[in-house]
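Chemist: Here you go, input-v1.txt (compact mmCIF, C-alpha atoms):
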```
# COMPACT_ATOMS: atom_id res chain seq x y z
CA ALA A 1 9.71 81.68 35.12
CA ALA A 2 7.65 84.54 33.78
CA GLU A 3 8.22 87.97 35.28
CA HIS A 4 5.46 88.90 37.69
CA SER A 5 5.12 92.09 39.66
CA LEU A 6 5.02 91.85 43.43
CA ALA A 7 1.43 93.09 43.49
CA GLU A 8 0.26 90.07 41.46
CA TYR A 9 1.20 87.76 44.32
CA LEU A 10 -1.54 89.08 46.59
CA PRO A 11 -4.56 90.51 44.74
CA LEU A 12 -6.12 93.14 47.00
CA ALA A 13 -9.75 94.20 46.54
CA VAL A 14 -12.73 94.32 48.87
CA GLY A 15 -14.68 91.10 48.39
CA ASN A 16 -11.68 88.92 47.54
CA ARG A 17 -12.11 85.66 49.42
CA TRP A 18 -9.84 82.67 49.97
CA THR A 19 -11.02 79.38 51.50
CA TYR A 20 -8.39 77.08 52.99
CA GLN A 21 -8.49 73.42 53.92
CA THR A 22 -6.65 73.29 57.24
CA SER A 23 -5.08 70.70 59.49
CA PHE A 24 -3.14 70.80 62.74
CA GLN A 25 -0.54 68.13 63.52
CA GLY A 26 -2.14 66.02 60.79
CA GLN A 27 -5.71 66.29 62.10
CA PRO A 28 -8.24 67.99 59.80
CA GLN A 29 -9.70 71.25 61.13
CA ALA A 30 -12.57 73.44 59.96
CA ASP A 31 -12.03 75.36 56.73
CA LEU A 32 -10.66 78.86 57.15
CA VAL A 33 -12.24 81.65 55.08
CA VAL A 34 -10.26 84.87 54.71
CA GLU A 35 -12.07 87.78 53.06
CA ILE A 36 -11.05 91.37 52.48
CA VAL A 37 -13.87 93.36 54.04
CA LYS A 38 -12.63 96.98 54.18
CA ARG A 39 -10.44 99.42 52.38
CA ARG A 40 -8.91 102.44 54.08
CA GLY A 41 -6.84 104.42 51.59
CA ASP A 42 -4.22 101.98 50.28
CA VAL A 43 -4.80 99.53 53.13
CA PHE A 44 -6.99 96.42 52.80
CA ILE A 45 -8.35 94.82 55.97
CA ASP A 46 -9.48 91.21 56.26
CA ASN A 47 -12.09 89.48 58.41
CA ARG A 48 -9.84 87.65 60.86
CA PRO A 49 -10.18 88.11 64.64
CA ARG A 50 -6.81 89.91 64.55
CA PRO A 51 -7.16 91.35 61.07
CA SER A 52 -4.34 91.82 58.62
CA HIS A 53 -3.85 95.38 57.33
CA LEU A 54 -2.42 94.72 53.87
CA THR A 55 -0.81 97.20 51.57
CA ILE A 56 1.62 97.10 48.66
CA ASP A 57 4.40 99.65 48.42
CA GLY A 58 7.60 99.95 46.40
CA GLN A 59 9.37 97.43 48.61
CA GLY A 60 6.78 94.68 48.84
CA ILE A 61 3.57 93.36 50.35
CA ARG A 62 3.18 94.62 53.90
CA ASP A 63 0.96 93.65 56.82
CA GLY A 64 0.69 96.57 59.21
CA ASN A 65 3.46 99.13 59.52
CA ARG A 66 6.51 96.95 59.82
CA ARG A 67 6.00 93.38 58.65
CA TYR A 68 6.63 92.48 55.01
CA LEU A 69 5.16 89.17 53.84
CA LEU A 70 6.97 89.38 50.51
CA LYS A 71 9.73 91.75 49.51
CA ALA A 72 11.56 92.71 46.34
CA PRO A 73 13.65 91.57 44.61
CA LEU A 74 11.64 88.43 43.84
CA ALA A 75 14.69 86.18 43.83
CA THR A 76 15.81 83.13 45.78
CA GLY A 77 17.84 84.28 48.77
CA THR A 78 16.23 87.70 49.26
CA ARG A 79 16.20 88.26 53.05
CA TRP A 80 14.59 90.70 55.44
CA MET A 81 13.45 90.84 59.02
CA SER A 82 10.65 92.21 61.13
CA VAL A 83 10.83 93.05 64.81
CA ALA A 84 7.42 92.10 66.17
CA ASP A 85 8.35 93.10 69.72
CA VAL A 86 11.42 93.28 71.94
CA ARG A 87 11.69 89.50 72.21
CA THR A 88 10.43 88.44 68.80
CA VAL A 89 12.41 88.92 65.62
CA GLU A 90 10.98 87.35 62.48
CA HIS A 91 13.58 86.39 59.86
CA TYR A 92 12.28 86.05 56.31
CA ARG A 93 13.86 84.71 53.16
CA ILE A 94 12.67 83.72 49.72
CA LEU A 95 13.35 79.98 49.43
CA GLU A 96 12.26 79.52 45.85
CA VAL A 97 10.77 81.33 42.87
CA GLY A 98 9.10 79.60 39.94
CA ARG A 99 7.81 76.65 41.97
CA LYS A 100 4.85 74.59 40.70
CA VAL A 101 2.37 73.90 43.49
CA THR A 102 -0.71 71.66 43.66
CA VAL A 103 -3.40 72.32 46.28
CA PRO A 104 -7.13 71.41 46.33
CA ALA A 105 -7.90 74.59 44.33
CA GLY A 106 -5.69 73.42 41.46
CA ASN A 107 -2.19 73.66 40.00
CA PHE A 108 -0.27 76.92 40.15
CA ASP A 109 2.95 77.89 38.35
CA ASP A 110 5.56 80.55 39.10
CA CYS A 111 4.91 80.44 42.84
CA VAL A 112 7.18 82.16 45.34
CA VAL A 113 7.92 80.42 48.64
CA VAL A 114 8.85 82.57 51.64
CA ARG A 115 10.14 81.10 54.90
CA MET A 116 9.67 83.03 58.13
CA GLU A 117 11.55 81.82 61.19
CA VAL A 118 11.24 82.95 64.80
CA ARG A 119 13.59 81.66 67.47
CA LEU A 120 11.77 80.77 70.68
CA ASN A 121 14.93 79.99 72.63
CA GLU A 122 18.36 78.41 72.06
CA LYS A 123 16.93 75.10 70.88
CA ARG A 124 13.49 75.88 69.53
CA ALA A 125 12.15 77.86 66.61
CA VAL A 126 9.00 78.12 64.55
CA GLN A 127 9.16 78.06 60.76
CA ASN A 128 6.33 79.22 58.58
CA ASP A 129 6.51 78.59 54.80
CA MET A 130 4.12 80.74 52.77
CA THR A 131 3.53 80.01 49.09
CA PHE A 132 2.25 82.85 46.90
CA ALA A 133 0.80 82.26 43.41
CA PRO A 134 0.57 85.09 40.87
CA GLY A 135 -2.95 86.36 40.32
CA VAL A 136 -4.22 84.28 43.24
CA GLY A 137 -2.49 85.09 46.54
CA ILE A 138 -1.41 82.70 49.27
CA VAL A 139 -2.05 79.10 48.20
CA ARG A 140 -0.33 77.30 51.07
CA ILE A 141 1.01 77.98 54.56
CA ALA A 142 2.88 75.22 56.38
CA THR A 143 4.11 75.76 59.94
CA ARG A 144 6.56 73.55 61.81
CA LEU A 145 8.23 73.58 65.19
CA LEU A 146 11.97 72.96 65.24
CA ASP A 147 13.09 71.40 68.51
CA GLY A 148 16.80 70.66 68.43
CA SER A 149 17.14 68.41 65.39
CA ARG A 150 13.45 67.45 65.32
CA GLU A 151 10.92 68.99 62.95
CA ILE A 152 7.35 68.77 64.22
CA PRO A 153 4.66 69.73 61.68
CA GLN A 154 2.06 72.09 63.14
CA ALA A 155 -0.53 73.87 60.99
CA ASP A 156 -1.06 73.30 57.27
CA MET A 157 -3.36 75.45 55.15
CA ARG A 158 -4.03 74.66 51.49
CA LEU A 159 -6.15 76.81 49.20
CA LYS A 160 -9.45 75.15 48.33
CA ASP A 161 -11.33 78.01 46.65
CA VAL A 162 -10.69 81.60 45.64
CA LYS A 163 -13.11 84.35 44.59
CA LEU A 164 -11.55 87.53 43.29
CA ALA A 165 -13.93 90.47 43.11
CA ALA A 166 -12.04 92.48 40.51
CA SER A 167 -11.40 89.76 37.93
CA GLY A 168 -14.65 87.87 38.45
CA ARG A 169 -12.91 84.52 39.07
```
Have the structure of the file written as structure tokens, please.
Modeler:
Amino acid sequence: AAEHSLAEYLPLAVGNRWTYQTSFQGQPQADLVVEIVKRRGDVFIDNRPRPSHLTIDGQGIRDGNRRYLLKAPLATGTRWMSVADVRTVEHYRILEVGRKVTVPAGNFDDCVVVRMEVRLNEKRAVQNDMTFAPGVGIVRIATRLLDGSREIPQADMRLKDVKLAASGR
């Protein structure tokens, strides 16, 4: 796989817009449009009801003060965690680098897949697999509920369209 810098995996500029085809438990839902609407210093803020505050530092791509969505080194097995609150610890690891991914927006090479897992109790956990494509951003998010030995698919978001302000895509 080609060497890509961390920053390439989530292009940040005001006006960047990603449109996702979404489904929940297999049922199609309305498209989700995520757009970066504000910049405050090095922080980029999107248009969601609970907006992400995205920044890129020497360690990785961060949302807010404590949560890293992607962290160096960009290698299978890289692990980190984020303490969301007293009861919620998010465990992250890079599952794969160099993956080829196909979504409605097209085919993407050299993707990085990150799995985030949160334990709900002894038996249950939520897993969230995020796929980042260089020069594009997040192309897929798949969420599943683990209940004992069962895996129950929850939300699935696949990139349908991307408009990047800076590069004129």
Chemist: What's around Val97 in chain A at 8 Å? Count only C-alpha atoms, leave out sequence neighbours fewer than 2 positions away in its own chain, and write the answer as a PyMOL selection string.
Modeler: chain A and resi 1+74-76+94-95+99+110-113
Chemist: With C-alpha atoms retained, export the selected residues as an mmCIF file, in the frame of the given file.
Modeler:
```
data_model
loop_
_atom_site.group_PDB
_atom_site.id
_atom_site.type_symbol
_atom_site.label_atom_id
_atom_site.label_comp_id
_atom_site.auth_asym_id
_atom_site.auth_seq_id
_atom_site.Cartn_x
_atom_site.Cartn_y
_atom_site.Cartn_z
ATOM 1 C CA ALA A 1 9.710 81.680 35.120
ATOM 2 C CA LEU A 74 11.640 88.430 43.840
ATOM 3 C CA ALA A 75 14.690 86.180 43.830
ATOM 4 C CA THR A 76 15.810 83.130 45.780
ATOM 5 C CA ILE A 94 12.670 83.720 49.720
ATOM 6 C CA LEU A 95 13.350 79.980 49.430
ATOM 7 C CA ARG A 99 7.810 76.650 41.970
ATOM 8 C CA ASP A 110 5.560 80.550 39.100
ATOM 9 C CA CYS A 111 4.910 80.440 42.840
ATOM 10 C CA VAL A 112 7.180 82.160 45.340
ATOM 11 C CA VAL A 113 7.920 80.420 48.640
#
```
Chemist: Have a look at A:Phe44, A:Arg144, A:Gly137, A:Asp161 and name the one nearest to Pro11 in chain A; count all atoms listed in the file.
Modeler: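 Of the candidates, the smallest distance to Pro11 in chain A is held by A:Gly137.
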Chemist: Using only C-alpha atoms, can you tell me which of A:Ala13, A:Glu90, A:Ile152, A:Val162 comes closest to Leu54 in chain A?
Modeler: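 Once distances to Leu54 in chain A are computed over only C-alpha atoms, the minimum belongs to A:Ala13.
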Chemist: What gap, in Å, lies between CA of Arg66 in chain A and CA of Trp18 in chain A?
Modeler: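 Atom-to-atom, CA of Arg66 in chain A and CA of Trp18 in chain A are spaced 23.8 Å apart.
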Chemist: Work out how far CA of Glu117 in chain A is from CA of Gly60 in chain A, in Å to one decimal.
Modeler: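 Spanning CA of Gly60 in chain A to CA of Glu117 in chain A is a straight-line distance of 18.5 Å.
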Chemist: For Ile56 in chain A, find every residue with an atom within 10 Å (counting all atoms listed in the file), except residues of its own chain fewer than 3 positions away, and show them as a list in words.
Modeler: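 After dropping sequence-adjacent residues, the list is Leu6, Ala7, Leu10, Pro11, Leu12, Asp42, Val43, Phe44, Gln59, Gly60, Ile61, Arg62, Asp63, Tyr68, Leu70 and Lys71 of chain A.
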Chemist: Applying 12 Å and all atoms listed in the file, which residues near Pro104 in chain A remain after dropping the ones on its own chain fewer than 2 positions away? List them as a count of residues only.
Modeler: 17
Chemist: So what do you get for CA of Gln25 in chain A versus CA of Thr143 in chain A, distance-wise?
Modeler: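 Separation of CA of Gln25 in chain A and CA of Thr143 in chain A: 9.6 Å.
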Chemist: Taking only C-alpha atoms into account, name the residue in A:Asn47, A:Arg115, A:Gly98, A:Ile138 that is nearest to Trp80 in chain A.
Modeler: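 Of A:Asn47, A:Arg115, A:Gly98, A:Ile138, the one nearest Trp80 in chain A, counting only C-alpha atoms, is A:Arg115.
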Chemist: Is it possible to add N, CA and C atoms to range 106-139 of chain A and hand it back as a CSV table (one decimal), keeping the file's coordinate frame?
Modeler:
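Writing done, so here's result-v2.csv:
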```
chain,number,residue,atom,x,y,z
A,106,GLY,N,-6.2,73.6,42.8
A,106,GLY,CA,-5.7,73.4,41.5
A,106,GLY,C,-4.2,73.5,41.4
A,107,ASN,N,-3.6,73.6,40.2
A,107,ASN,CA,-2.2,73.7,40.0
A,107,ASN,C,-1.8,75.1,39.7
A,108,PHE,N,-0.7,75.5,40.3
A,108,PHE,CA,-0.3,76.9,40.2
A,108,PHE,C,1.2,76.9,39.8
A,109,ASP,N,1.6,77.7,38.8
A,109,ASP,CA,3.0,77.9,38.4
A,109,ASP,C,3.5,79.2,38.9
A,110,ASP,N,4.8,79.3,38.8
A,110,ASP,CA,5.6,80.6,39.1
A,110,ASP,C,5.3,81.0,40.5
A,111,CYS,N,5.1,80.1,41.4
A,111,CYS,CA,4.9,80.4,42.8
A,111,CYS,C,6.2,80.9,43.5
A,112,VAL,N,6.1,81.7,44.5
A,112,VAL,CA,7.2,82.2,45.3
A,112,VAL,C,7.0,81.6,46.7
A,113,VAL,N,8.0,81.0,47.3
A,113,VAL,CA,7.9,80.4,48.6
A,113,VAL,C,8.8,81.3,49.6
A,114,VAL,N,8.2,81.8,50.6
A,114,VAL,CA,8.8,82.6,51.6
A,114,VAL,C,8.9,81.8,53.0
A,115,ARG,N,10.0,81.7,53.6
A,115,ARG,CA,10.1,81.1,54.9
A,115,ARG,C,10.3,82.2,56.0
A,116,MET,N,9.5,82.1,57.0
A,116,MET,CA,9.7,83.0,58.1
A,116,MET,C,10.1,82.2,59.3
A,117,GLU,N,11.1,82.6,60.0
A,117,GLU,CA,11.6,81.8,61.2
A,117,GLU,C,11.7,82.7,62.4
A,118,VAL,N,11.1,82.2,63.5
A,118,VAL,CA,11.2,83.0,64.8
A,118,VAL,C,11.9,82.0,65.8
A,119,ARG,N,13.0,82.5,66.4
A,119,ARG,CA,13.6,81.7,67.5
A,119,ARG,C,12.8,81.8,68.8
A,120,LEU,N,12.5,80.7,69.4
A,120,LEU,CA,11.8,80.8,70.7
A,120,LEU,C,12.8,80.8,71.8
A,121,ASN,N,13.8,80.0,71.7
A,121,ASN,CA,14.9,80.0,72.6
A,121,ASN,C,16.1,79.4,71.9
A,122,GLU,N,17.2,79.0,72.7
A,122,GLU,CA,18.4,78.4,72.1
A,122,GLU,C,18.1,77.2,71.2
A,123,LYS,N,17.2,76.4,71.6
A,123,LYS,CA,16.9,75.1,70.9
A,123,LYS,C,15.7,75.1,70.0
A,124,ARG,N,14.8,76.0,70.2
A,124,ARG,CA,13.5,75.9,69.5
A,124,ARG,C,13.2,77.1,68.6
A,125,ALA,N,12.5,76.8,67.5
A,125,ALA,CA,12.2,77.9,66.6
A,125,ALA,C,10.9,77.4,65.9
A,126,VAL,N,10.2,78.4,65.4
A,126,VAL,CA,9.0,78.1,64.6
A,126,VAL,C,9.3,78.6,63.1
A,127,GLN,N,9.0,77.7,62.2
A,127,GLN,CA,9.2,78.1,60.8
A,127,GLN,C,7.8,78.1,60.1
A,128,ASN,N,7.6,79.1,59.3
A,128,ASN,CA,6.3,79.2,58.6
A,128,ASN,C,6.6,79.4,57.1
A,129,ASP,N,6.3,78.5,56.2
A,129,ASP,CA,6.5,78.6,54.8
A,129,ASP,C,5.2,79.0,54.1
A,130,MET,N,5.3,80.2,53.5
A,130,MET,CA,4.1,80.7,52.8
A,130,MET,C,4.4,80.6,51.3
A,131,THR,N,3.4,80.1,50.5
A,131,THR,CA,3.5,80.0,49.1
A,131,THR,C,2.5,81.0,48.4
A,132,PHE,N,3.1,81.9,47.6
A,132,PHE,CA,2.2,82.8,46.9
A,132,PHE,C,2.2,82.5,45.4
A,133,ALA,N,1.0,82.5,44.8
A,133,ALA,CA,0.8,82.3,43.4
A,133,ALA,C,0.4,83.5,42.7
A,134,PRO,N,0.9,83.8,41.6
A,134,PRO,CA,0.6,85.1,40.9
A,134,PRO,C,-0.9,85.1,40.5
A,135,GLY,N,-1.6,86.2,40.7
A,135,GLY,CA,-3.0,86.4,40.3
A,135,GLY,C,-3.9,85.7,41.3
A,136,VAL,N,-3.4,85.1,42.3
A,136,VAL,CA,-4.2,84.3,43.2
A,136,VAL,C,-4.0,84.7,44.7
A,137,GLY,N,-2.8,84.8,45.1
A,137,GLY,CA,-2.5,85.1,46.5
A,137,GLY,C,-1.8,83.9,47.2
A,138,ILE,N,-2.1,83.8,48.5
A,138,ILE,CA,-1.4,82.7,49.3
A,138,ILE,C,-2.2,81.4,49.0
A,139,VAL,N,-1.4,80.4,48.5
A,139,VAL,CA,-2.0,79.1,48.2
A,139,VAL,C,-1.7,78.0,49.3
```
